Structure formats: C-alpha cells, structure tokens
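Chemist: Sharing a structure with you now.
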Amino acid sequence: MTERVPILRIGDVLVVSIQFDLEDQTVLNLQEDLAEQIVARSARGVIIDITALEIVDSFVGRMLATIADVSRMLDARTVVVGMRPAVAITLVELGLSLGGVDTALDLEKGLARLRRSAQAADLA
C-alpha cells in the first residue's frame, strides 16, 4: 500500500511536510490530494517542506515543479522550504531549476514569503 503525505492547514496556507523518501505513486497521490485540498479549502498558498529529504531524483524534482504549476492554476502560490544544499546541487545538475517555485530556508520564512505575496496581490 502506498503511503499518503499529510496535508495540514494554517489559515489559508496548506503545509505538506515530507518526512520519508517518496515513491513515484506517493508523489502522484500527493499531487492529486493537494489539488483537491486547494479547491476545497480555498487555499492561497502551499508550502512543501522537504527538510527530511536527503536526496531528490529527477521524477520528484519534476513533480515539485508540476505541483507548483497546478497550484498556480488553482490560484495558490507554492514555496518549497528546507532544501538541503545537496538537494539543491542535485536539482541543478539534473537541469531542474523548478521555475515558478519560490524557495525559503524554513517554514517561518516560507510563510512570511506567502504573506508578502498575498499583500502585494491585494494591493494590485
């Protein structure tokens, strides 16, 4: 049986904390679950915390970008937090720049980035 990644809510932000290495099916399930939760909870932001991931392969890297694209189409902004230096280097070496995905060092900074983004959008 494939594990499900829990999705938590903090205000209008959904938080996904990935605590184990992801199998391909788990990533696909996360993508679907997250899209459903964005709509159901009218989320304006998504934070994906990858602090616990020691490695990211090309599939997981592409899926992070895809999740951000899907979230953006559903009017939610995505921030990936907790990226280790080795993960960042691997993503660059794989040619995965994660375009459209903001990053922050930790959850607190990710939430602040989403708040600033929401304030700027409200002023526009």
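Letters A, B, ... go to the chains of the structure tokens in the order shown; residues in each chain start at 1; ligands are counted from 1 in the same order.
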Pick out the residues sitting within 6 Å of A:Val80, and hand them over as a PyMOL selection string; count only C-alpha atoms, and ignore anything fewer than 3 positions along from it in its own chain.
Modeler: chain A and resi 47-49+103
Chemist: Please write the residues from the selection above to a file, keeping all heavy atoms, as a compact mmCIF listing (two decimals), in the first residue's frame.
Modeler:
# COMPACT_ATOMS: atom_id res chain seq x y z
N ILE A 47 2.92 25.32 1.07
CA ILE A 47 4.31 25.16 1.47
C ILE A 47 4.63 23.68 1.46
O ILE A 47 3.91 22.88 2.05
CB ILE A 47 4.56 25.77 2.86
CG1 ILE A 47 4.43 27.28 2.79
CG2 ILE A 47 5.95 25.36 3.38
CD1 ILE A 47 4.72 28.00 4.06
N ILE A 48 5.71 23.34 0.77
CA ILE A 48 6.18 21.95 0.75
C ILE A 48 7.51 21.93 1.49
O ILE A 48 8.50 22.52 1.04
CB ILE A 48 6.34 21.43 -0.69
CG1 ILE A 48 5.01 21.54 -1.43
CG2 ILE A 48 6.85 19.99 -0.66
CD1 ILE A 48 5.09 21.19 -2.90
N ASP A 49 7.51 21.29 2.64
CA ASP A 49 8.70 21.22 3.48
C ASP A 49 9.45 19.93 3.17
O ASP A 49 8.96 18.83 3.42
CB ASP A 49 8.29 21.25 4.95
CG ASP A 49 9.49 21.29 5.89
OD1 ASP A 49 10.65 21.12 5.43
OD2 ASP A 49 9.27 21.49 7.10
N THR A 103 11.44 29.47 -3.11
CA THR A 103 12.06 28.68 -2.06
C THR A 103 12.33 29.58 -0.86
O THR A 103 12.45 30.80 -1.00
CB THR A 103 13.39 28.04 -2.52
OG1 THR A 103 14.28 29.06 -2.92
CG2 THR A 103 13.16 27.06 -3.66
Chemist: In terms of the shortest atom-to-atom distance over only C-alpha atoms, which of A:Ile7, A:Val13, A:Leu30, A:Val87 is closest to A:Gly45?
Modeler: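 Checking each of A:Ile7, A:Val13, A:Leu30, A:Val87 against A:Gly45, counting only C-alpha atoms, the winner is A:Val13.
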Chemist: I need the residue nearest A:Val39 from this list: A:Leu14, A:Ala112, A:Ala118, A:Leu96. Use only C-alpha atoms for the distance.
Modeler: A:Leu14
Chemist: Point out the residue among A:Val79, A:Ala68, A:Leu8, A:Ala40 with the least atom-to-atom distance to A:Glu108, counting only C-alpha atoms.
Modeler: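 Closest to A:Glu108 of all the choices is A:Val79.
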Chemist: Would you kindly return, as a list in words, each protein, DNA or RNA residue with an atom no farther than 12 Å from any atom of A:Ile38, considering only C-alpha atoms and excluding same-chain residues fewer than 5 positions away?
Modeler: Ile7, Leu8, Arg9, Asp12, Val13, Leu14, Val15, Val16, Leu30, Gln31, Glu32, Asp33, Ala43, Arg44, Gly45, Val46, Ile47, Ile67, Ala68, Val70, Ser71, Arg72, Met73, Leu74, Asp75, Ala76, Arg77 and Thr78 of chain A
Chemist: Pick the closest to A:Leu107 from A:Asp57, A:Val81, A:Gln119, A:Ala88: which is it, counting only C-alpha atoms?
Modeler: A:Val81
Chemist: Looking only at helix (DSSP H, G or I) from DSSP on the backbone, list the matching residues of stretch 4-116 of chain A as a PyMOL selection string.
Modeler: chain A and resi 24-40+58-73+85-93+107-116
Chemist: Select, from A:Arg84, A:Val27, A:Gln19, A:Ile89, the residue with the minimum atom-to-atom distance to A:Arg62, counting only C-alpha atoms.
Modeler: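 Using only C-alpha atoms, the shortest distance to A:Arg62 belongs to A:Val27.
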Chemist: When you count only C-alpha atoms, which of these residues is closest to A:Ser58: A:Ala86, A:Leu28, A:Leu91, A:Leu34?
Modeler: A:Leu91
Chemist: Neighbours of A:Ala52 within 10 Å (only C-alpha atoms; same-chain residues fewer than 2 positions away dropped), as a list of chain:residue names?
Modeler: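 Using only C-alpha atoms, the neighbours found are A:Ser17, A:Ile18, A:Gln19, A:Phe20, A:Asp21, A:Asp49, A:Ile50, A:Glu54, A:Ile55, A:Gly82, A:Met83, A:Arg84.
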